Structures are given as structure tokens and as C-alpha cells.
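Undergrad: I am sharing upload_9.tsv, which consists of TSV, C-alpha atoms:
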```tsv
chain	number	residue	atom	x	y	z
A	1	MET	CA	17.59	-12.84	-50.78
A	2	GLU	CA	18.52	-9.83	-48.66
A	3	GLU	CA	22.09	-9.67	-47.41
A	4	PRO	CA	22.53	-10.12	-43.64
A	5	LEU	CA	23.32	-7.08	-41.55
A	6	CYS	CA	26.89	-6.37	-40.62
A	7	CYS	CA	27.78	-5.46	-37.03
A	8	CYS	CA	27.27	-1.73	-37.66
A	9	GLU	CA	24.08	-1.91	-39.73
A	10	TYR	CA	20.49	-1.91	-38.51
A	11	VAL	CA	16.90	-1.50	-39.67
A	12	ASP	CA	15.52	1.83	-38.45
A	13	ARG	CA	12.00	2.58	-37.22
A	14	ARG	CA	10.89	3.31	-40.78
A	15	GLY	CA	11.99	-0.15	-41.92
A	16	GLN	CA	14.96	1.13	-43.90
A	17	ARG	CA	18.48	-0.23	-43.73
A	18	SER	CA	20.94	2.17	-42.13
A	19	HIS	CA	24.50	2.36	-40.76
A	20	LEU	CA	25.97	3.72	-37.54
A	21	ALA	CA	28.26	5.99	-39.54
A	22	ALA	CA	25.16	7.75	-40.89
A	23	CYS	CA	23.72	8.50	-37.44
A	24	CYS	CA	23.99	12.28	-38.07
A	25	CYS	CA	22.71	12.16	-41.64
A	26	ASP	CA	19.22	12.45	-43.09
A	27	CYS	CA	17.45	13.91	-40.06
A	28	ARG	CA	15.14	16.58	-41.36
A	29	ASP	CA	13.43	17.16	-38.02
A	30	LEU	CA	16.75	17.80	-36.29
A	31	ASP	CA	17.97	20.05	-39.10
A	32	GLU	CA	14.75	22.03	-39.01
A	33	GLY	CA	14.89	22.28	-35.23
A	34	CYS	CA	18.47	23.64	-35.28
A	35	GLU	CA	17.57	26.11	-38.00
A	36	ARG	CA	14.55	27.40	-36.05
A	37	TRP	CA	16.62	27.61	-32.86
A	38	LEU	CA	19.31	29.67	-34.59
A	39	THR	CA	16.70	31.99	-36.08
A	40	CYS	CA	14.80	32.25	-32.74
A	41	ARG	CA	11.64	30.69	-34.12
A	42	SER	CA	9.40	28.28	-32.22
A	43	LEU	CA	9.26	24.61	-33.14
A	44	PRO	CA	6.14	23.19	-34.79
A	45	PRO	CA	3.87	20.96	-32.66
A	46	GLY	CA	5.31	17.47	-32.18
A	47	ALA	CA	8.77	18.37	-33.46
A	48	LEU	CA	10.53	17.64	-30.15
A	49	GLY	CA	8.85	14.24	-29.95
A	50	ARG	CA	9.94	13.31	-33.48
A	51	ILE	CA	13.50	14.45	-32.77
A	52	ALA	CA	13.59	12.41	-29.55
A	53	ASP	CA	12.28	9.32	-31.36
A	54	THR	CA	14.92	9.70	-34.08
A	55	VAL	CA	17.76	10.12	-31.59
A	56	ALA	CA	16.54	7.16	-29.51
A	57	ASP	CA	16.36	5.01	-32.65
A	58	ARG	CA	19.96	5.83	-33.63
A	59	VAL	CA	21.64	5.31	-30.26
A	60	ARG	CA	23.03	1.82	-30.92
A	61	VAL	CA	26.15	-0.26	-30.38
A	62	PRO	CA	27.72	-2.70	-32.87
A	63	TRP	CA	26.72	-6.33	-32.48
A	64	PHE	CA	27.16	-9.60	-34.37
A	65	ALA	CA	23.79	-9.72	-36.15
A	66	GLY	CA	23.42	-5.95	-36.48
A	67	ALA	CA	23.67	-2.86	-34.28
A	68	VAL	CA	21.64	-3.20	-31.08
A	69	LYS	CA	19.44	-0.34	-29.89
A	70	ILE	CA	20.21	1.07	-26.44
A	71	ASN	CA	17.47	2.46	-24.26
A	72	ILE	CA	18.48	6.10	-24.04
A	73	SER	CA	17.20	6.38	-20.47
A	74	LEU	CA	20.05	4.07	-19.39
A	75	VAL	CA	22.76	6.47	-20.52
A	76	PRO	CA	22.43	9.51	-18.17
A	77	PRO	CA	23.00	7.63	-14.89
A	78	LEU	CA	26.01	5.76	-16.28
A	79	VAL	CA	27.68	8.95	-17.49
A	80	LEU	CA	26.52	11.76	-15.23
A	81	LEU	CA	26.63	10.13	-11.79
A	82	PRO	CA	30.43	9.51	-11.68
A	83	VAL	CA	31.10	12.91	-13.26
A	84	PHE	CA	28.94	14.81	-10.76
A	85	LEU	CA	30.35	12.93	-7.76
A	86	HIS	CA	33.95	13.57	-8.83
A	87	ILE	CA	33.20	17.26	-9.37
A	88	ALA	CA	31.46	17.43	-5.98
A	89	ALA	CA	34.61	16.01	-4.35
A	90	LEU	CA	36.71	18.95	-5.56
A	91	HIS	CA	35.33	21.45	-3.05
A	92	PHE	CA	32.82	21.61	-0.22
A	93	LEU	CA	30.64	24.20	-1.96
A	94	LEU	CA	30.56	22.19	-5.19
A	95	GLY	CA	29.48	19.16	-3.19
A	96	LEU	CA	26.75	21.15	-1.47
A	97	VAL	CA	25.35	22.43	-4.77
A	98	ILE	CA	25.49	19.09	-6.61
A	99	LEU	CA	24.15	16.95	-3.77
A	100	THR	CA	21.29	19.42	-3.31
A	101	SER	CA	20.50	19.55	-7.01
A	102	LEU	CA	20.52	15.80	-7.71
A	103	PRO	CA	17.36	14.95	-5.69
A	104	VAL	CA	15.56	17.92	-7.25
A	105	VAL	CA	16.44	16.75	-10.78
A	106	VAL	CA	15.40	13.17	-10.04
A	107	LEU	CA	12.05	14.29	-8.59
A	108	TRP	CA	11.46	16.58	-11.57
A	109	TYR	CA	12.10	13.73	-14.00
A	110	TYR	CA	9.83	11.43	-11.98
A	111	TYR	CA	6.90	13.85	-12.14
A	112	LEU	CA	7.60	14.47	-15.83
A	113	THR	CA	7.39	10.78	-16.74
A	114	HIS	CA	4.49	10.22	-14.34
A	115	ARG	CA	2.47	13.00	-15.94
A	116	ARG	CA	3.17	11.63	-19.42
A	117	LYS	CA	2.34	8.08	-18.29
A	118	GLU	CA	5.66	6.83	-19.61
A	119	ARG	CA	7.71	3.85	-18.49
A	120	THR	CA	11.43	4.43	-18.18
A	121	LEU	CA	14.50	2.46	-17.13
A	122	PHE	CA	16.16	5.62	-15.81
A	123	PHE	CA	15.37	5.00	-12.13
A	124	LEU	CA	16.20	1.30	-12.22
A	125	SER	CA	19.53	1.96	-13.95
A	126	LEU	CA	20.25	4.84	-11.55
A	127	GLY	CA	19.63	2.61	-8.54
A	128	LEU	CA	21.65	-0.35	-9.80
A	129	PHE	CA	24.54	1.77	-11.04
A	130	SER	CA	24.59	3.74	-7.79
A	131	LEU	CA	24.93	0.48	-5.86
A	132	GLY	CA	27.71	-0.75	-8.10
A	133	TYR	CA	29.60	2.52	-8.09
A	134	MET	CA	29.34	3.01	-4.32
A	135	TYR	CA	30.66	-0.53	-3.81
A	136	TYR	CA	33.52	0.18	-6.23
A	137	VAL	CA	34.48	3.39	-4.38
A	138	PHE	CA	34.33	1.51	-1.08
A	139	LEU	CA	36.73	-1.16	-2.33
A	140	GLN	CA	39.08	1.27	-4.08
A	141	GLU	CA	39.20	4.18	-1.61
A	142	VAL	CA	38.11	2.92	1.82
A	143	VAL	CA	39.31	-0.69	2.18
A	144	PRO	CA	42.98	0.02	1.24
A	145	ARG	CA	43.29	2.34	4.27
A	146	GLY	CA	43.42	-0.75	6.48
A	147	HIS	CA	40.67	0.13	8.95
A	148	VAL	CA	38.06	-2.22	7.46
A	149	GLY	CA	38.43	-5.91	8.27
A	150	TYR	CA	37.98	-8.83	5.90
A	151	SER	CA	34.87	-10.02	7.75
A	152	GLN	CA	33.29	-6.57	7.43
A	153	VAL	CA	33.88	-6.54	3.66
A	154	VAL	CA	32.31	-10.02	3.43
A	155	ALA	CA	29.31	-8.91	5.49
A	156	LEU	CA	28.77	-5.85	3.29
A	157	THR	CA	29.10	-7.96	0.14
A	158	CYS	CA	26.63	-10.54	1.43
A	159	GLY	CA	24.13	-7.79	2.23
A	160	LEU	CA	24.49	-6.43	-1.31
A	161	ILE	CA	23.99	-9.88	-2.83
A	162	LEU	CA	20.91	-10.56	-0.69
A	163	MET	CA	19.45	-7.19	-1.68
A	164	LEU	CA	19.99	-7.90	-5.38
A	165	ALA	CA	18.44	-11.36	-4.99
A	166	ALA	CA	15.35	-9.87	-3.34
A	167	LEU	CA	15.21	-7.18	-6.04
A	168	SER	CA	15.35	-9.86	-8.74
A	169	ARG	CA	12.43	-11.63	-7.06
A	170	ALA	CA	10.52	-8.34	-6.82
A	171	LYS	CA	10.93	-7.92	-10.58
A	172	THR	CA	8.87	-11.03	-11.30
A	173	ASP	CA	5.14	-11.24	-12.02
A	174	PRO	CA	3.38	-9.05	-9.42
A	175	GLY	CA	0.13	-10.96	-9.88
A	176	TYR	CA	-1.18	-10.04	-13.32
A	177	LEU	CA	-4.75	-11.12	-13.96
A	178	PRO	CA	-5.08	-13.30	-17.10
A	179	ILE	CA	-6.25	-11.53	-20.23
A	180	PRO	CA	-9.31	-12.97	-21.98
A	181	ALA	CA	-8.45	-14.12	-25.48
A	182	SER	CA	-11.20	-11.98	-27.01
A	183	SER	CA	-9.70	-8.78	-25.61
A	184	GLY	CA	-6.03	-9.55	-26.27
A	185	MET	CA	-5.84	-7.52	-29.48
A	186	SER	CA	-7.59	-4.45	-28.08
A	187	LEU	CA	-5.42	-4.51	-24.97
A	188	HIS	CA	-2.20	-4.54	-26.96
A	189	GLN	CA	-3.40	-1.61	-29.01
A	190	GLY	CA	-4.25	0.45	-25.94
A	191	LEU	CA	-1.03	-0.07	-24.00
A	192	PRO	CA	0.97	2.99	-23.05
A	193	SER	CA	4.15	1.06	-23.69
A	194	LYS	CA	5.03	-0.56	-26.97
A	195	SER	CA	5.22	-4.09	-25.62
A	196	VAL	CA	3.85	-5.95	-22.65
A	197	ARG	CA	6.09	-8.96	-23.09
A	198	GLY	CA	9.42	-7.35	-22.28
A	199	SER	CA	11.41	-8.63	-19.36
A	200	SER	CA	11.44	-5.14	-17.83
A	201	ASN	CA	7.88	-5.44	-16.53
A	202	GLY	CA	8.23	-8.91	-15.14
A	203	LEU	CA	5.91	-10.60	-17.66
A	204	HIS	CA	7.75	-13.53	-19.20
A	205	ALA	CA	5.07	-15.39	-21.14
A	206	SER	CA	5.01	-14.70	-24.89
A	207	GLY	CA	4.14	-16.24	-28.24
A	208	ALA	CA	2.07	-19.39	-28.55
A	209	ALA	CA	2.76	-20.47	-24.99
A	210	SER	CA	1.41	-17.16	-23.75
A	211	GLY	CA	-1.70	-17.54	-25.87
A	212	ARG	CA	-2.42	-21.00	-24.49
A	213	ALA	CA	-1.85	-19.85	-20.92
A	214	VAL	CA	-4.00	-16.78	-21.33
A	215	ASN	CA	-6.87	-18.67	-22.92
A	216	GLY	CA	-6.91	-21.39	-20.29
A	217	GLU	CA	-6.41	-19.13	-17.28
A	218	ALA	CA	-8.89	-16.51	-18.47
A	219	GLN	CA	-11.60	-19.09	-19.04
A	220	SER	CA	-10.99	-20.71	-15.67
A	221	TYR	CA	-10.92	-17.27	-14.02
A	222	SER	CA	-14.27	-16.44	-15.64
A	223	ARG	CA	-15.73	-19.70	-14.33
A	224	MET	CA	-14.26	-19.04	-10.93
A	225	SER	CA	-15.77	-15.58	-10.89
A	226	ALA	CA	-19.22	-16.94	-11.59
A	227	GLU	CA	-18.96	-19.48	-8.78
A	228	GLU	CA	-17.73	-17.12	-6.07
A	229	PRO	CA	-20.16	-15.98	-3.33
A	230	GLU	CA	-22.09	-12.79	-3.78
A	231	GLY	CA	-20.23	-11.18	-0.88
A	232	VAL	CA	-17.08	-10.98	-2.98
A	233	LYS	CA	-16.65	-7.52	-4.47
A	234	LYS	CA	-16.24	-7.30	-8.24
A	235	ASP	CA	-14.93	-4.63	-10.50
A	236	TRP	CA	-15.07	-4.53	-14.29
A	237	CYS	CA	-11.96	-3.30	-16.12
A	238	ALA	CA	-12.87	-1.80	-19.47
A	239	ARG	CA	-9.24	-1.82	-20.63
A	240	CYS	CA	-8.52	-5.48	-19.91
A	241	GLN	CA	-12.13	-6.60	-20.51
A	242	LEU	CA	-12.28	-8.75	-17.37
A	243	VAL	CA	-13.91	-8.90	-13.97
A	244	ARG	CA	-11.30	-8.32	-11.28
A	245	PRO	CA	-11.61	-9.18	-7.58
A	246	ALA	CA	-11.53	-6.66	-4.77
A	247	ARG	CA	-8.23	-4.84	-4.17
A	248	ALA	CA	-7.09	-5.55	-7.72
A	249	GLY	CA	-6.33	-2.51	-9.85
A	250	HIS	CA	-5.34	-1.53	-13.36
A	251	CYS	CA	-1.85	-0.11	-13.85
A	252	ARG	CA	-1.89	2.50	-16.58
A	253	LEU	CA	1.88	2.15	-17.11
A	254	CYS	CA	2.02	-1.65	-17.42
A	255	GLY	CA	-1.39	-1.82	-19.09
A	256	ARG	CA	-2.44	-4.80	-16.95
A	257	CYS	CA	-4.67	-5.53	-13.98
A	258	VAL	CA	-2.80	-6.69	-10.87
A	259	ARG	CA	-4.14	-8.58	-7.88
A	260	ARG	CA	-3.91	-6.49	-4.68
A	261	LEU	CA	-2.18	-3.69	-6.54
A	262	ASP	CA	-0.14	-1.49	-4.19
A	263	HIS	CA	1.59	0.88	-6.62
A	264	HIS	CA	3.80	1.01	-9.69
A	265	CYS	CA	7.37	1.41	-8.46
A	266	VAL	CA	9.69	3.29	-10.82
A	267	TRP	CA	12.75	1.94	-8.97
A	268	ILE	CA	12.01	-1.61	-10.12
A	269	ASN	CA	10.12	-0.54	-13.27
A	270	SER	CA	7.24	-2.84	-12.35
A	271	CYS	CA	4.10	-3.03	-10.27
A	272	VAL	CA	4.07	-4.10	-6.63
A	273	GLY	CA	1.23	-6.52	-6.11
A	274	GLU	CA	0.18	-9.70	-4.40
A	275	ARG	CA	2.99	-11.93	-5.64
A	276	ASN	CA	6.02	-9.63	-5.24
A	277	HIS	CA	5.09	-7.33	-2.34
A	278	GLN	CA	7.00	-9.44	0.19
A	279	ALA	CA	10.13	-9.45	-1.98
A	280	PHE	CA	9.81	-5.68	-2.42
A	281	ILE	CA	9.77	-5.13	1.35
A	282	LEU	CA	12.69	-7.55	1.73
A	283	ALA	CA	14.74	-5.70	-0.91
A	284	LEU	CA	14.10	-2.36	0.82
A	285	SER	CA	15.07	-3.81	4.19
A	286	PHE	CA	18.31	-5.34	2.90
A	287	PHE	CA	19.14	-2.07	1.17
A	288	MET	CA	18.65	-0.06	4.36
A	289	LEU	CA	20.80	-2.42	6.45
A	290	THR	CA	23.57	-2.65	3.85
A	291	SER	CA	23.62	1.08	3.16
A	292	VAL	CA	23.73	2.11	6.83
A	293	TYR	CA	26.47	-0.45	7.48
A	294	GLY	CA	28.54	0.81	4.52
A	295	ILE	CA	28.11	4.44	5.58
A	296	THR	CA	29.21	3.57	9.12
A	297	LEU	CA	32.33	1.72	7.95
A	298	THR	CA	33.32	4.58	5.65
A	299	LEU	CA	32.85	7.30	8.27
A	300	HIS	CA	34.81	5.30	10.83
A	301	THR	CA	37.64	5.15	8.29
A	302	ILE	CA	37.87	8.76	7.09
A	303	CYS	CA	36.73	10.43	10.34
A	304	ARG	CA	38.53	8.55	13.09
A	305	GLY	CA	37.43	9.12	16.66
A	306	ARG	CA	33.93	10.41	15.89
A	307	THR	CA	30.57	8.72	15.92
A	308	PRO	CA	28.98	8.23	12.47
A	309	PHE	CA	26.23	10.78	13.08
A	310	VAL	CA	28.68	13.47	14.22
A	311	ALA	CA	31.15	12.63	11.45
A	312	LEU	CA	28.42	13.00	8.84
A	313	PHE	CA	28.06	16.70	9.73
A	314	TYR	CA	31.50	17.49	11.10
A	315	CYS	CA	34.56	15.83	9.59
A	316	PRO	CA	37.46	18.37	9.40
A	317	GLY	CA	39.82	16.11	7.45
A	318	ALA	CA	37.30	15.04	4.83
A	319	TYR	CA	38.74	17.34	2.13
A	320	SER	CA	42.41	16.97	3.09
A	321	ASP	CA	42.99	14.68	0.10
A	322	TYR	CA	40.93	13.76	-2.95
A	323	SER	CA	40.40	10.13	-1.90
A	324	SER	CA	38.84	11.18	1.42
A	325	ALA	CA	36.77	13.88	-0.31
A	326	LEU	CA	35.38	11.40	-2.85
A	327	SER	CA	34.56	8.90	-0.09
A	328	PHE	CA	32.87	11.58	2.00
A	329	THR	CA	30.87	12.81	-1.00
A	330	CYS	CA	29.69	9.27	-1.74
A	331	VAL	CA	28.71	8.88	1.92
A	332	TRP	CA	26.48	11.92	1.68
A	333	TYR	CA	25.02	10.67	-1.61
A	334	CYS	CA	24.25	7.32	0.05
A	335	ALA	CA	22.77	9.10	3.07
A	336	ILE	CA	20.37	11.08	0.85
A	337	VAL	CA	19.27	7.96	-1.05
A	338	THR	CA	18.97	5.96	2.17
A	339	ALA	CA	16.78	8.66	3.74
A	340	GLY	CA	14.44	8.54	0.73
A	341	MET	CA	14.27	4.74	0.70
A	342	GLY	CA	13.81	4.74	4.46
A	343	TYR	CA	10.74	6.93	4.10
A	344	ILE	CA	9.32	4.58	1.48
A	345	LEU	CA	9.97	1.58	3.73
A	346	LEU	CA	8.34	3.33	6.70
A	347	ILE	CA	5.18	4.08	4.72
A	348	GLN	CA	5.08	0.50	3.47
A	349	LEU	CA	5.42	-0.96	6.96
A	350	LEU	CA	2.68	1.32	8.30
A	351	ASN	CA	0.37	0.41	5.42
A	352	ILE	CA	0.94	-3.28	6.06
A	353	SER	CA	0.19	-2.77	9.76
A	354	TYR	CA	-3.18	-1.25	8.83
A	355	ASN	CA	-3.73	-3.63	5.87
A	356	VAL	CA	-4.09	-0.86	3.30
A	357	THR	CA	-2.36	-0.44	-0.06
A	358	GLU	CA	-1.05	2.76	-1.60
A	359	ARG	CA	-3.75	2.59	-4.25
A	360	GLU	CA	-6.49	2.21	-1.63
A	361	ALA	CA	-5.05	5.12	0.36
A	362	ARG	CA	-5.14	7.39	-2.70
A	363	LEU	CA	-8.70	6.38	-3.51
A	364	ALA	CA	-9.75	6.94	0.12
A	365	LEU	CA	-8.25	10.44	0.06
A	366	ARG	CA	-9.97	11.21	-3.22
A	367	ASP	CA	-13.35	9.97	-1.98
A	368	ASN	CA	-12.83	11.32	1.54
A	369	THR	CA	-13.52	7.91	3.07
A	370	GLY	CA	-10.31	7.32	5.04
A	371	ARG	CA	-8.85	8.52	8.33
A	372	ARG	CA	-5.44	10.17	8.53
A	373	LEU	CA	-3.38	8.58	11.29
A	374	LEU	CA	0.11	9.19	12.70
A	375	GLY	CA	0.29	12.70	11.32
A	376	GLY	CA	-0.96	11.69	7.90
A	377	LEU	CA	1.67	8.99	7.33
A	378	VAL	CA	-1.00	6.33	6.91
A	379	ILE	CA	-4.59	6.38	5.67
A	380	ASP	CA	-6.80	3.85	7.42
A	381	THR	CA	-9.76	2.88	5.26
A	382	GLY	CA	-11.08	0.53	7.96
A	383	GLN	CA	-12.22	-1.89	5.29
A	384	TYR	CA	-9.59	-4.63	5.68
A	385	ASN	CA	-8.00	-3.70	9.02
A	386	ARG	CA	-8.24	-6.72	11.34
A	387	GLY	CA	-5.61	-5.72	13.91
A	388	PHE	CA	-1.83	-5.52	13.85
A	389	LEU	CA	-1.04	-9.24	14.17
A	390	CYS	CA	-3.78	-10.38	11.79
A	391	ASN	CA	-2.74	-7.79	9.22
A	392	TRP	CA	0.89	-8.91	9.30
A	393	GLY	CA	-0.14	-12.55	9.24
A	394	HIS	CA	-2.22	-11.84	6.16
A	395	PHE	CA	0.69	-10.04	4.48
A	396	LEU	CA	3.15	-12.86	5.21
A	397	SER	CA	0.72	-15.35	3.67
A	398	LEU	CA	0.31	-13.44	0.39
A	399	GLY	CA	0.65	-15.71	-2.60
A	400	SER	CA	0.32	-18.89	-0.52
A	401	SER	CA	-3.44	-19.25	-0.95
A	402	SER	CA	-5.34	-20.04	-4.11
A	403	PRO	CA	-6.62	-16.97	-5.99
A	404	GLN	CA	-10.09	-18.49	-6.07
A	405	ARG	CA	-10.38	-18.46	-2.29
A	406	SER	CA	-8.18	-15.51	-1.40
A	407	ALA	CA	-9.30	-14.01	1.90
A	408	GLU	CA	-8.54	-10.47	0.85
A	409	ASP	CA	-11.25	-10.61	-1.83
A	410	ILE	CA	-13.91	-10.94	0.85
A	411	VAL	CA	-15.15	-7.74	2.45
```
I'd like the structure from this file rewritten - as C-alpha cells, please.
TA:
Amino acid sequence: MEEPLCCCEYVDRRGQRSHLAACCCDCRDLDEGCERWLTCRSLPPGALGRIADTVADRVRVPWFAGAVKINISLVPPLVLLPVFLHIAALHFLLGLVILTSLPVVVLWYYYLTHRRKERTLFFLSLGLFSLGYMYYVFLQEVVPRGHVGYSQVVALTCGLILMLAALSRAKTDPGYLPIPASSGMSLHQGLPSKSVRGSSNGLHASGAASGRAVNGEAQSYSRMSAEEPEGVKKDWCARCQLVRPARAGHCRLCGRCVRRLDHHCVWINSCVGERNHQAFILALSFFMLTSVYGITLTLHTICRGRTPFVALFYCPGAYSDYSSALSFTCVWYCAIVTAGMGYILLIQLLNISYNVTEREARLALRDNTGRRLLGGLVIDTGQYNRGFLCNWGHFLSLGSSSPQRSAEDIV
């Protein structure tokens, strides 16, 4: 019988028993890469990928039943964000350079992972840690100055809690279509990610229970599809091996078909579809309100006598002491993030008003079948637009009707 693992031991990706103390040993790819770098020679094809896989497999922390693997994409936000913000607070020019560079780096990493069709927890961890760290700075640097009342702190805290609650709801099942039992094996082999049962993508069914649910739901969905009227649009997904209703789409990152797929959001590491679109909008709205309120309270504290908008661009005493400089730097960081999230929320609200999803807008642009409205902010396909009030009524009723008789499946 094999001995149990101690807290610092683990089984690596090759199935061999290893120890945390040997994390820098026996890595031929890394040794070869360093040697080629020192001798100014190019790396062989696939070497960087093998090195990255080895490093990711060895980043672990001790645990009771063996060392636990840490997703390496979680580490950069936790380490770099506080460091960069503290450096930016040292001088105005440093703050200008860092706060300008951070959005560029984040966008570059987004397009890199999007092009490679990779899922990552980087954006989710960056968002959650940014919220936690901004709240910590607010309590440690702003509240002790005595210009923020107890009721204001409670209001800000409640807004943060409501936003996290809505975010947790948005992380649930977005409306995955059931997988036919006959195609389950082929689907798992073709997924871009290594598992479709992880909690990170909002799919909680696994094991035997998942098999029973999938078999029953897929069969009933097939029967339902055969009984629906001919006016209902159908679309065959070769990856999932199922007939999907209109407005459903296949997410190449999650590897699943989603009812009324809007888009795959990297900030929640999940799809936005029929069942979580309302919670997604609610989370964005709570974030905007809470962020703007926190920015206003902070600027009123460190820039007395000026309106928040003026203080954001002209605050002479912001760098008089390090505490004020750090608070002012965090305000600008929050303002940049809030502007980006505000743009996303605006596009979402406009799309809902015209009853069009992000996926449908992209397809309409590709096929040249949509109309650009409001300066290109929204693409009206005209296919599901029934007027402002009807469109919002339809959105607010998402998930309340039975999938078999969903009105949005009827053209």
C-alpha cells in the first residue's frame, strides 16, 4: 500500500511523487531554455509551453493531504497590484506612468488569452482583489481622518455586499443546454479547457448525478425539439451534437451551448446567458453605484472644498503626505476601472433596449445584416426588436418561462 502524502508532497502531471523542496530540480526544459538564452540561441518549438506547464504544476502550497496546486493566473494581481499602487503614490509622474500602463497591460493580456482561446482566472482575481484592496485602503487611510460618517461607511459596505451577492448569482449556470449522452465523451475530448465540471464556469453537476441529469434532460429536450412548431428556428451544434434553439450559441471557451448567449465575460470567467444575464446587469449596476460613492467620499476627504470632478483633476494637497497620495492614486485607479465598467454597462443597457445580444451584434456585423445606431454603440438586427418597453419586459422575464415555450425562440 502506498504511503499517504505529507503536507509538502504531491503527484506531478507525469504521475510521479514529488516534493516542494525539489521545485527547482529536474526541469530539463527550463535548464535547456536558460542555456539557450545565455548562448543567444532560439528556443525549439513548444519549449515555452512546456516550461509554463512545468512551472504551473509546481506552484503549490502545503496542505494536509498533500500540496495543493495554485492557479498561477491568481498570483500576479495579488502581488503586483499593491506594489504598483504604492510605487505610483511616491510621485505624480510615477503615478501617471503606472496608471497609464496598467490598462494597456490588461488589454494586451485579454487579447492574448482571447486569441489562444484560453480560460483564465486572472481577470476575476484582479477584479475581486481590487475591490478588497480598495475597501481596505478606504478603511485604513480615509475613514480615520474623521470626515466620513458611520452611516456612510455602512452604506458603502452594503453596496459592496450587494454587488458581491449579484456577482455570485451571475457565476451560476448561464443556461447550458443539456448534453446528449451519446456525445458526452466526444465533447469532453474537444473542450478547450481541461474540465467542464469546475466551479469556475458555473457548472455544478458532476459524476453519476450529472450523468442522470444529462441523459434525462437531453432526451426530453430532443422530444421537445421534435414537437415544437416549424416556425421555431433551429441550429445544429457539431461540437455538442445537439439541436439548439434560436439565439443559443456555442461558447468556445466553456465548450458548451448556452441559451440566449450574450458573450463570455472574462471578469466573471463564465458565459452570460439566459439564466444569469439579469444578475450580471445587477452586479454591474451595484459596482458603478458603490464605486462612484466611494470615489466621492474619498475626494471629499483628501480634497476639501472642491467638487469631486474638479478634485479628480486638481487636488494640490494630494501628494503632501503618503497617506493622501496613496488614497488619491487608488481613486484614480478606481476611476479608470469604473469608466471601463461603465462603458460595458452602457452597451449592455442599449443592447437590452433593442433586444439584441453581443453575439448577434457580432454576427450581424460580419454578415452585414445590421444597422449601426447611436454612433455605432448598438447594432440593431431588427429580428427581435419589439419596442423599448416590450424589449425590457422580455429581458426582465428571462428565466421565468419554460424553455419549451420560450418566446425568444420564435422569430
Undergrad: Leaving out Ile87 of chain A and any residue of its chain fewer than 3 positions from it, which residues lie within 12 Å of it when counting all atoms listed in the file, given as a PyMOL selection string?
TA: chain A and resi 80-84+90-99+322+325-326+329-330
Undergrad: Just give me the gap between atom CA of Cys251 of chain A and atom CA of Asp367 of chain A in Å, one decimal is fine.
TA: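 Separation between atom CA of Cys251 of chain A and atom CA of Asp367 of chain A: 19.4 Å.
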Undergrad: Would you list the contacts of Arg304 of chain A as a CSV table (one decimal) with C-alpha atoms, in the coordinates of the input, taking every protein, DNA or RNA residue within 10 Å and counting all atoms listed in the file, but skipping same-chain residues closer than 5 positions in sequence?
TA:
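That gives us selection_9.csv:
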```csv
chain,number,residue,atom,x,y,z
A,147,HIS,CA,40.7,0.1,9.0
A,298,THR,CA,33.3,4.6,5.6
A,299,LEU,CA,32.8,7.3,8.3
A,311,ALA,CA,31.2,12.6,11.4
A,315,CYS,CA,34.6,15.8,9.6
A,317,GLY,CA,39.8,16.1,7.4
```
Undergrad: Report, in Å with one decimal, the straight-line distance from atom CA of Leu121 of chain A to atom CA of Gln278 of chain A.
TA: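 Between these atoms lies a distance of 22.3 Å.
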Undergrad: Residues within 10 Å of segment 139-146 of chain A, please, as a list in words. Count all atoms listed in the file; anything in the same chain fewer than 6 positions from it doesn't count.
TA: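 Contacts, in chain order: Tyr133, Gln152, Val153, Leu297, Thr298, Leu299, His300, Thr301, Ile302, Tyr322, Ser323, Ser324, Leu326 and Ser327 of chain A.
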Undergrad: Which distance in Å separates atom CA of Cys390 of chain A and atom CA of Leu167 of chain A, to one decimal?
TA: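 One can read the atom CA of Cys390 of chain A to atom CA of Leu167 of chain A distance as 26.2 Å.
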Undergrad: Which residues, written as a ChimeraX atom specification, have at least one atom at most 12 Å from Leu124 of chain A, with only C-alpha atoms counted and residues fewer than 5 positions away on the same chain left out?
TA: /A:73-78,110,119,129-131,167-168,171,200-201,265-270
Undergrad: Which is closest to Ala165 of chain A among A:Cys254, A:Ala248, A:Val105, A:Leu282, if we use all atoms listed in the file?
TA: A:Leu282
Undergrad: Using all atoms listed in the file, find the one residue out of A:Leu38, A:Leu373, A:Leu289, A:Leu156 that sits nearest to Met341 of chain A.
TA: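 So, comparing all the options, the nearest one is A:Leu289.
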Undergrad: Give me the residues within 9 Å of Ser18 of chain A as a VMD selection string, counting all atoms listed in the file and dropping any in the same chain fewer than 5 places off.
TA: chain A and resid 8 to 12 23
Undergrad: From the set A:Asn276, A:Ser285, A:Ser125, A:Ser101, which residue has the shortest atom-to-atom contact distance to Leu162 of chain A, counting all atoms listed in the file?
TA: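 Looking only at the distances to Leu162 of chain A, the closest residue turns out to be A:Ser285.
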Undergrad: Which one is closest to Pro245 of chain A: A:Tyr319, A:Tyr176, A:Phe287, A:Phe309? Count only C-alpha atoms.
TA: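 Smallest separation from Pro245 of chain A among the options: A:Tyr176.
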